[in-house]
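J.: See coords23.csv below, with CSV, C-alpha atoms.
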chain,number,residue,atom,x,y,z
A,205,MET,CA,26.7,105.4,151.2
A,206,ALA,CA,25.3,106.7,147.9
A,207,THR,CA,21.9,106.4,146.2
A,208,VAL,CA,22.5,105.6,142.6
A,209,VAL,CA,20.0,105.5,139.6
A,210,LEU,CA,21.4,103.4,136.8
A,211,PHE,CA,19.8,103.9,133.4
A,212,HIS,CA,20.1,101.1,130.9
A,213,SER,CA,21.3,101.0,127.3
A,214,VAL,CA,19.3,100.9,124.1
A,215,LEU,CA,19.3,97.1,124.5
A,216,GLY,CA,16.9,97.6,127.4
A,217,LEU,CA,17.1,96.6,131.1
A,218,ARG,CA,19.3,93.4,131.0
A,219,PRO,CA,21.5,91.3,133.3
A,220,VAL,CA,24.5,93.6,132.8
A,221,GLU,CA,22.6,96.5,134.6
A,222,LEU,CA,21.1,94.2,137.2
A,223,ARG,CA,24.6,92.8,138.0
A,224,ALA,CA,26.1,96.2,138.2
A,225,ALA,CA,23.3,97.2,140.6
A,226,GLU,CA,24.0,94.1,142.7
A,227,ARG,CA,27.7,94.9,142.8
A,228,LEU,CA,27.0,98.4,144.0
A,229,ARG,CA,24.4,97.2,146.6
A,230,ALA,CA,27.0,94.8,147.9
A,231,ALA,CA,29.2,97.8,148.6
A,232,GLY,CA,26.4,99.4,150.6
A,233,HIS,CA,24.8,101.7,148.1
A,234,GLU,CA,21.1,102.0,147.3
A,235,VAL,CA,20.6,101.4,143.6
A,236,VAL,CA,17.5,101.9,141.4
A,237,THR,CA,17.4,100.4,137.9
A,238,PRO,CA,14.4,101.8,136.1
A,239,ASP,CA,13.1,99.9,133.1
A,240,LEU,CA,12.7,102.6,130.5
A,241,PHE,CA,11.5,100.2,127.9
A,242,ALA,CA,8.7,98.6,130.0
A,243,GLY,CA,10.2,95.1,129.7
A,244,ALA,CA,11.3,95.2,126.1
A,245,THR,CA,14.9,94.3,125.2
A,246,ALA,CA,16.8,94.0,122.0
A,247,PRO,CA,19.7,91.8,120.9
A,248,THR,CA,21.5,94.4,118.8
A,249,VAL,CA,22.1,98.1,118.9
A,250,GLY,CA,20.2,98.5,115.5
A,251,GLU,CA,17.2,96.7,116.9
A,252,GLY,CA,17.5,98.7,120.1
A,253,VAL,CA,17.4,101.9,118.2
A,254,ARG,CA,14.2,100.7,116.4
A,255,LEU,CA,12.8,99.9,119.8
A,256,LEU,CA,13.7,103.3,121.1
A,257,ASP,CA,12.2,105.0,118.0
A,258,GLY,CA,8.9,103.1,118.7
A,259,ILE,CA,8.8,104.2,122.3
A,260,GLY,CA,10.0,107.7,121.7
A,261,TRP,CA,12.7,109.7,123.5
A,262,ALA,CA,10.0,111.8,125.4
A,263,ALA,CA,8.5,108.6,126.8
A,264,VAL,CA,11.9,107.3,127.8
A,265,THR,CA,12.9,110.5,129.6
A,266,GLY,CA,9.5,110.7,131.2
A,267,ARG,CA,9.9,107.3,132.6
A,268,ALA,CA,13.3,108.2,133.9
A,269,ARG,CA,12.0,111.4,135.4
A,270,ARG,CA,9.3,109.4,137.3
A,271,ALA,CA,11.9,107.0,138.5
A,272,LEU,CA,13.9,109.9,140.0
A,273,ALA,CA,10.8,111.5,141.7
A,274,GLY,CA,11.2,109.8,145.0
A,275,LEU,CA,14.9,109.7,145.2
A,276,PRO,CA,17.1,112.1,147.1
A,277,GLU,CA,18.3,115.2,145.3
A,278,ALA,CA,21.9,114.0,145.8
A,279,THR,CA,21.3,110.8,143.9
A,280,VAL,CA,24.2,109.7,141.6
A,281,LEU,CA,23.1,109.8,138.0
A,282,ALA,CA,24.6,106.8,136.0
A,283,GLY,CA,23.9,105.5,132.6
A,284,PHE,CA,25.0,102.7,130.2
A,285,SER,CA,25.4,104.0,126.6
A,286,MET,CA,21.9,105.4,125.8
A,287,GLY,CA,21.5,105.7,129.5
A,288,ALA,CA,24.3,108.4,129.4
A,289,GLY,CA,22.0,110.3,127.1
A,290,VAL,CA,19.2,109.9,129.6
A,291,VAL,CA,21.5,111.3,132.2
A,292,SER,CA,22.4,114.2,130.0
A,293,SER,CA,18.7,115.0,129.4
A,294,LEU,CA,17.8,114.9,133.1
A,295,TRP,CA,21.0,116.4,134.6
A,296,PRO,CA,19.9,120.0,134.3
A,297,GLU,CA,16.9,119.1,136.5
A,298,ARG,CA,19.1,117.5,139.2
A,299,PRO,CA,21.7,120.2,140.1
A,300,ALA,CA,22.3,118.6,143.5
A,301,ALA,CA,23.4,115.2,142.0
A,302,ALA,CA,26.1,113.7,144.1
A,303,ALA,CA,28.1,112.6,141.0
A,304,VAL,CA,27.6,111.5,137.4
A,305,LEU,CA,28.8,108.2,135.9
A,306,LEU,CA,28.8,107.8,132.1
A,307,LEU,CA,29.5,104.3,130.9
A,308,HIS,CA,30.1,103.6,127.2
A,309,ALA,CA,29.1,107.0,125.9
A,310,ALA,CA,29.9,110.7,126.4
A,311,ALA,CA,27.2,113.1,127.4
A,312,GLU,CA,26.9,116.9,127.2
A,313,LEU,CA,27.5,118.9,130.3
A,314,PRO,CA,24.5,121.1,131.1
A,315,PRO,CA,25.1,124.8,131.3
A,316,ALA,CA,24.8,125.1,135.1
A,317,VAL,CA,26.9,122.4,136.8
A,318,ARG,CA,28.1,123.0,140.3
A,319,PRO,CA,31.8,123.4,140.8
A,320,GLY,CA,33.4,120.3,142.3
A,321,LEU,CA,30.8,117.9,140.9
A,322,ARG,CA,32.6,114.5,140.3
A,323,VAL,CA,32.0,113.1,136.8
A,324,GLN,CA,33.5,109.9,135.4
A,325,LEU,CA,33.4,108.7,131.8
A,326,HIS,CA,34.3,105.1,131.0
A,327,ALA,CA,34.5,104.4,127.2
A,328,ALA,CA,36.2,102.1,124.8
A,329,GLU,CA,39.0,103.6,122.6
A,330,PRO,CA,37.8,104.1,119.9
A,331,ASP,CA,34.1,104.2,120.5
A,332,PRO,CA,31.6,105.9,118.1
A,333,PHE,CA,29.5,106.9,121.1
A,334,ALA,CA,32.4,108.7,122.7
A,335,PRO,CA,34.3,110.2,119.7
A,336,PRO,CA,37.3,112.4,120.4
A,337,GLU,CA,35.5,115.6,119.6
A,338,ARG,CA,32.7,114.8,122.0
A,339,VAL,CA,35.1,113.9,124.8
A,340,ALA,CA,37.1,117.1,124.1
A,341,ALA,CA,33.9,119.2,124.3
A,342,LEU,CA,33.0,117.4,127.6
A,343,ARG,CA,36.5,118.1,129.0
A,344,ALA,CA,36.3,121.8,128.0
A,345,ALA,CA,32.8,122.2,129.5
A,346,ALA,CA,33.9,120.5,132.7
A,347,ARG,CA,36.9,122.7,133.0
A,348,GLU,CA,34.9,125.8,132.4
A,349,ALA,CA,32.2,124.8,135.0
A,350,GLY,CA,34.8,123.6,137.6
A,351,ALA,CA,33.5,120.0,137.5
A,352,GLU,CA,35.9,117.3,138.4
A,353,LEU,CA,35.9,115.1,135.3
A,354,GLU,CA,37.8,111.9,135.0
A,355,VAL,CA,37.9,110.3,131.5
A,356,PHE,CA,39.0,106.6,131.3
A,357,ARG,CA,39.5,105.1,127.9
A,358,TYR,CA,40.0,101.4,127.3
A,359,PRO,CA,42.0,100.8,124.2
A,360,GLY,CA,40.9,97.8,122.1
A,361,ALA,CA,37.8,97.2,124.1
A,362,GLY,CA,34.4,97.0,122.4
A,363,HIS,CA,31.6,99.5,123.0
A,364,PHE,CA,29.8,97.3,125.6
A,365,PHE,CA,33.0,96.1,127.3
A,366,THR,CA,31.3,95.7,130.7
A,367,ASP,CA,28.7,93.3,129.4
A,368,ALA,CA,29.8,89.6,129.9
A,369,GLU,CA,26.9,88.4,127.6
A,370,LEU,CA,28.1,90.3,124.5
A,371,PRO,CA,31.1,89.9,122.2
A,372,ASP,CA,32.5,93.3,123.2
A,373,PHE,CA,33.2,92.1,126.8
A,374,ASP,CA,36.7,92.8,128.1
A,375,ARG,CA,37.2,91.3,131.5
A,376,ALA,CA,40.2,93.5,132.4
A,377,ALA,CA,38.6,96.7,131.2
A,378,ALA,CA,35.3,95.8,133.0
A,379,GLY,CA,37.2,95.0,136.2
A,380,LEU,CA,39.1,98.3,136.1
A,381,THR,CA,35.9,100.2,135.4
A,382,TRP,CA,34.2,98.8,138.4
A,383,ASP,CA,37.2,99.4,140.6
A,384,ARG,CA,37.2,103.1,139.5
A,385,VAL,CA,33.5,103.4,140.0
A,386,ALA,CA,33.9,102.0,143.5
A,387,GLY,CA,36.5,104.6,144.3
A,388,LEU,CA,34.2,107.4,143.0
A,389,LEU,CA,31.3,106.2,145.1
A,390,SER,CA,33.3,105.6,148.3
A,391,GLY,CA,34.5,109.2,148.1
A,392,LEU,CA,31.1,110.7,148.2
As structure tokens, what does this structure read like?

T.:
Amino acid sequence: MATVVLFHSVLGLRPVELRAAERLRAAGHEVVTPDLFAGATAPTVGEGVRLLDGIGWAAVTGRARRALAGLPEATVLAGFSMGAGVVSSLWPERPAAAAVLLLHAAAELPPAVRPGLRVQLHAAEPDPFAPPERVAALRAAAREAGAELEVFRYPGAGHFFTDAELPDFDRAAAGLTWDRVAGLLSGL
């Protein structure tokens, strides 16, 4: 089974990430959920952005890098919203990643992605963190690199549609997301 690192959103490490990790562990995967905000959480995206600004992107990615230090090179890189940005920042340093999972936000493909790398994007439709032009750029870059990108959009769902504690939650979209993630991970 896979080793997965799951980076949290700008709201901090919360039950949604811990439940996702438990779901993946129940399927036999090893999952690490680093706390990039050192225990701090935020109730809204705006407050989360202020929290992130206070910590600093360099500190967040440094913490993420340290969390990856002891993990296999073939670790699956996964991120919720801001966590997709963390994945994007660290992806160039992890060319042997087994797969990449982007939840609630699109990321940029690094210049040197190995052909055949499996990448999934799960995002609401519409979603300001996965706008059409960013998704189109991701598709084009994946095609050029030979990565196997799957884009799943969930019409009418809110940005944090997998989080049962937030108003954006969409049970059907969340269930479909986790089924698709399970399929990706079982194929590694």

J.: Considering all atoms listed in the file, return as an MDAnalysis selection string whatever protein or nucleic-acid residues lie within 12 Å of stretch 311-315 of chain A, sequence-local ones (same chain, fewer than 6 positions apart) excluded.

T.: chainID A and resid 281:299 304:305 321 323:327 333:335 337:353 355

J.: Could you dump the residues just selected with C-alpha atoms as a PDB file, in the coordinates of the input?

T.:
ATOM      1  CA  LEU A 281      23.100 109.800 138.000  1.00  0.00           C
ATOM      2  CA  ALA A 282      24.600 106.800 136.000  1.00  0.00           C
ATOM      3  CA  GLY A 283      23.900 105.500 132.600  1.00  0.00           C
ATOM      4  CA  PHE A 284      25.000 102.700 130.200  1.00  0.00           C
ATOM      5  CA  SER A 285      25.400 104.000 126.600  1.00  0.00           C
ATOM      6  CA  MET A 286      21.900 105.400 125.800  1.00  0.00           C
ATOM      7  CA  GLY A 287      21.500 105.700 129.500  1.00  0.00           C
ATOM      8  CA  ALA A 288      24.300 108.400 129.400  1.00  0.00           C
ATOM      9  CA  GLY A 289      22.000 110.300 127.100  1.00  0.00           C
ATOM     10  CA  VAL A 290      19.200 109.900 129.600  1.00  0.00           C
ATOM     11  CA  VAL A 291      21.500 111.300 132.200  1.00  0.00           C
ATOM     12  CA  SER A 292      22.400 114.200 130.000  1.00  0.00           C
ATOM     13  CA  SER A 293      18.700 115.000 129.400  1.00  0.00           C
ATOM     14  CA  LEU A 294      17.800 114.900 133.100  1.00  0.00           C
ATOM     15  CA  TRP A 295      21.000 116.400 134.600  1.00  0.00           C
ATOM     16  CA  PRO A 296      19.900 120.000 134.300  1.00  0.00           C
ATOM     17  CA  GLU A 297      16.900 119.100 136.500  1.00  0.00           C
ATOM     18  CA  ARG A 298      19.100 117.500 139.200  1.00  0.00           C
ATOM     19  CA  PRO A 299      21.700 120.200 140.100  1.00  0.00           C
ATOM     20  CA  VAL A 304      27.600 111.500 137.400  1.00  0.00           C
ATOM     21  CA  LEU A 305      28.800 108.200 135.900  1.00  0.00           C
ATOM     22  CA  LEU A 321      30.800 117.900 140.900  1.00  0.00           C
ATOM     23  CA  VAL A 323      32.000 113.100 136.800  1.00  0.00           C
ATOM     24  CA  GLN A 324      33.500 109.900 135.400  1.00  0.00           C
ATOM     25  CA  LEU A 325      33.400 108.700 131.800  1.00  0.00           C
ATOM     26  CA  HIS A 326      34.300 105.100 131.000  1.00  0.00           C
ATOM     27  CA  ALA A 327      34.500 104.400 127.200  1.00  0.00           C
ATOM     28  CA  PHE A 333      29.500 106.900 121.100  1.00  0.00           C
ATOM     29  CA  ALA A 334      32.400 108.700 122.700  1.00  0.00           C
ATOM     30  CA  PRO A 335      34.300 110.200 119.700  1.00  0.00           C
ATOM     31  CA  GLU A 337      35.500 115.600 119.600  1.00  0.00           C
ATOM     32  CA  ARG A 338      32.700 114.800 122.000  1.00  0.00           C
ATOM     33  CA  VAL A 339      35.100 113.900 124.800  1.00  0.00           C
ATOM     34  CA  ALA A 340      37.100 117.100 124.100  1.00  0.00           C
ATOM     35  CA  ALA A 341      33.900 119.200 124.300  1.00  0.00           C
ATOM     36  CA  LEU A 342      33.000 117.400 127.600  1.00  0.00           C
ATOM     37  CA  ARG A 343      36.500 118.100 129.000  1.00  0.00           C
ATOM     38  CA  ALA A 344      36.300 121.800 128.000  1.00  0.00           C
ATOM     39  CA  ALA A 345      32.800 122.200 129.500  1.00  0.00           C
ATOM     40  CA  ALA A 346      33.900 120.500 132.700  1.00  0.00           C
ATOM     41  CA  ARG A 347      36.900 122.700 133.000  1.00  0.00           C
ATOM     42  CA  GLU A 348      34.900 125.800 132.400  1.00  0.00           C
ATOM     43  CA  ALA A 349      32.200 124.800 135.000  1.00  0.00           C
ATOM     44  CA  GLY A 350      34.800 123.600 137.600  1.00  0.00           C
ATOM     45  CA  ALA A 351      33.500 120.000 137.500  1.00  0.00           C
ATOM     46  CA  GLU A 352      35.900 117.300 138.400  1.00  0.00           C
ATOM     47  CA  LEU A 353      35.900 115.100 135.300  1.00  0.00           C
ATOM     48  CA  VAL A 355      37.900 110.300 131.500  1.00  0.00           C
TER      49      VAL A 355
END

J.: Neighbouring residues of stretch 248-260 of chain A were defined as those with any atom within 9 Å, considering all atoms listed in the file; residues of the same chain fewer than 3 positions away were excluded. Please report them as a PyMOL selection string.

T.: chain A and resi 213-216+241+244-245+263-265

J.: Near A:Glu221, within 10 Å and counting all atoms listed in the file, which residues show up once chain neighbours fewer than 4 positions away are dropped, as number ranges by chain?

T.: A: 210-213, 216-217, 225-227, 237-238, 283-284, 366-367

J.: Pick out the residues sitting within 9 Å of A:Ala224, and hand them over as a list of chain:residue names; count all atoms listed in the file, and ignore anything fewer than 5 positions along from it in its own chain.

T.: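 Counting all atoms listed in the file, the residues come to A:Leu210, A:Pro219, A:Arg229, A:Trp382.
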
J.: For the selection just defined, write its residues with C-alpha atoms to a file, as a PDB file, in the coordinates of the input.

T.:
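Okay, part26.pdb is ready:
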ATOM      1  CA  LEU A 210      21.400 103.400 136.800  1.00  0.00           C
ATOM      2  CA  PRO A 219      21.500  91.300 133.300  1.00  0.00           C
ATOM      3  CA  ARG A 229      24.400  97.200 146.600  1.00  0.00           C
ATOM      4  CA  TRP A 382      34.200  98.800 138.400  1.00  0.00           C
TER       5      TRP A 382
END

J.: Which is closest to A:Gly362 among A:His308, A:His233, A:Arg269, A:Arg384, if we use only C-alpha atoms?

T.: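 Comparing A:His308, A:His233, A:Arg269, A:Arg384 against A:Gly362, the winner is A:His308.
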
J.: Give the answer as one residue: which of A:Asp239, A:Val209, A:Arg218, A:Trp261 has the shortest atom-to-atom distance to A:Gly274, using only C-alpha atoms?

T.: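 When distances to A:Gly274 are compared using only C-alpha atoms, the smallest one comes from A:Val209.
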
J.: In Å to one decimal, how far is atom CA of A:Pro330 from atom CA of A:Leu392?

T.: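 Computing it gives 29.8 Å between the two atoms.
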
J.: What does the distance from atom CA of A:Glu234 to atom CA of A:Val208 come to in Å, to one decimal?

T.: 6.1 Å

J.: When you look at A:Leu275 with a cut-off of 12 Å (counting only C-alpha atoms), what residues show up, excluding the ones that are within fewer than 3 positions of it in the same chain? I need them as a PDB file with C-alpha atoms, in the frame of the given file.

T.:
ATOM      1  CA  ALA A 206      25.300 106.700 147.900  1.00  0.00           C
ATOM      2  CA  THR A 207      21.900 106.400 146.200  1.00  0.00           C
ATOM      3  CA  VAL A 208      22.500 105.600 142.600  1.00  0.00           C
ATOM      4  CA  VAL A 209      20.000 105.500 139.600  1.00  0.00           C
ATOM      5  CA  GLU A 234      21.100 102.000 147.300  1.00  0.00           C
ATOM      6  CA  VAL A 235      20.600 101.400 143.600  1.00  0.00           C
ATOM      7  CA  VAL A 236      17.500 101.900 141.400  1.00  0.00           C
ATOM      8  CA  ALA A 268      13.300 108.200 133.900  1.00  0.00           C
ATOM      9  CA  ARG A 269      12.000 111.400 135.400  1.00  0.00           C
ATOM     10  CA  ARG A 270       9.300 109.400 137.300  1.00  0.00           C
ATOM     11  CA  ALA A 271      11.900 107.000 138.500  1.00  0.00           C
ATOM     12  CA  LEU A 272      13.900 109.900 140.000  1.00  0.00           C
ATOM     13  CA  ALA A 278      21.900 114.000 145.800  1.00  0.00           C
ATOM     14  CA  THR A 279      21.300 110.800 143.900  1.00  0.00           C
ATOM     15  CA  VAL A 280      24.200 109.700 141.600  1.00  0.00           C
ATOM     16  CA  LEU A 281      23.100 109.800 138.000  1.00  0.00           C
ATOM     17  CA  ARG A 298      19.100 117.500 139.200  1.00  0.00           C
ATOM     18  CA  ALA A 300      22.300 118.600 143.500  1.00  0.00           C
ATOM     19  CA  ALA A 301      23.400 115.200 142.000  1.00  0.00           C
ATOM     20  CA  ALA A 302      26.100 113.700 144.100  1.00  0.00           C
TER      21      ALA A 302
END

J.: Atom CA of A:Arg322 and atom CA of A:Asp372, how far apart in Å?

T.: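 Taking atom CA of A:Asp372 and atom CA of A:Arg322, their separation equals 27.2 Å.
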
J.: For A:Phe373, which residue out of A:Gly320, A:Gly360, A:Gly391, A:Pro332 is the nearest one, using only C-alpha atoms?

T.: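 Closest residue, counting only C-alpha atoms: A:Gly360.
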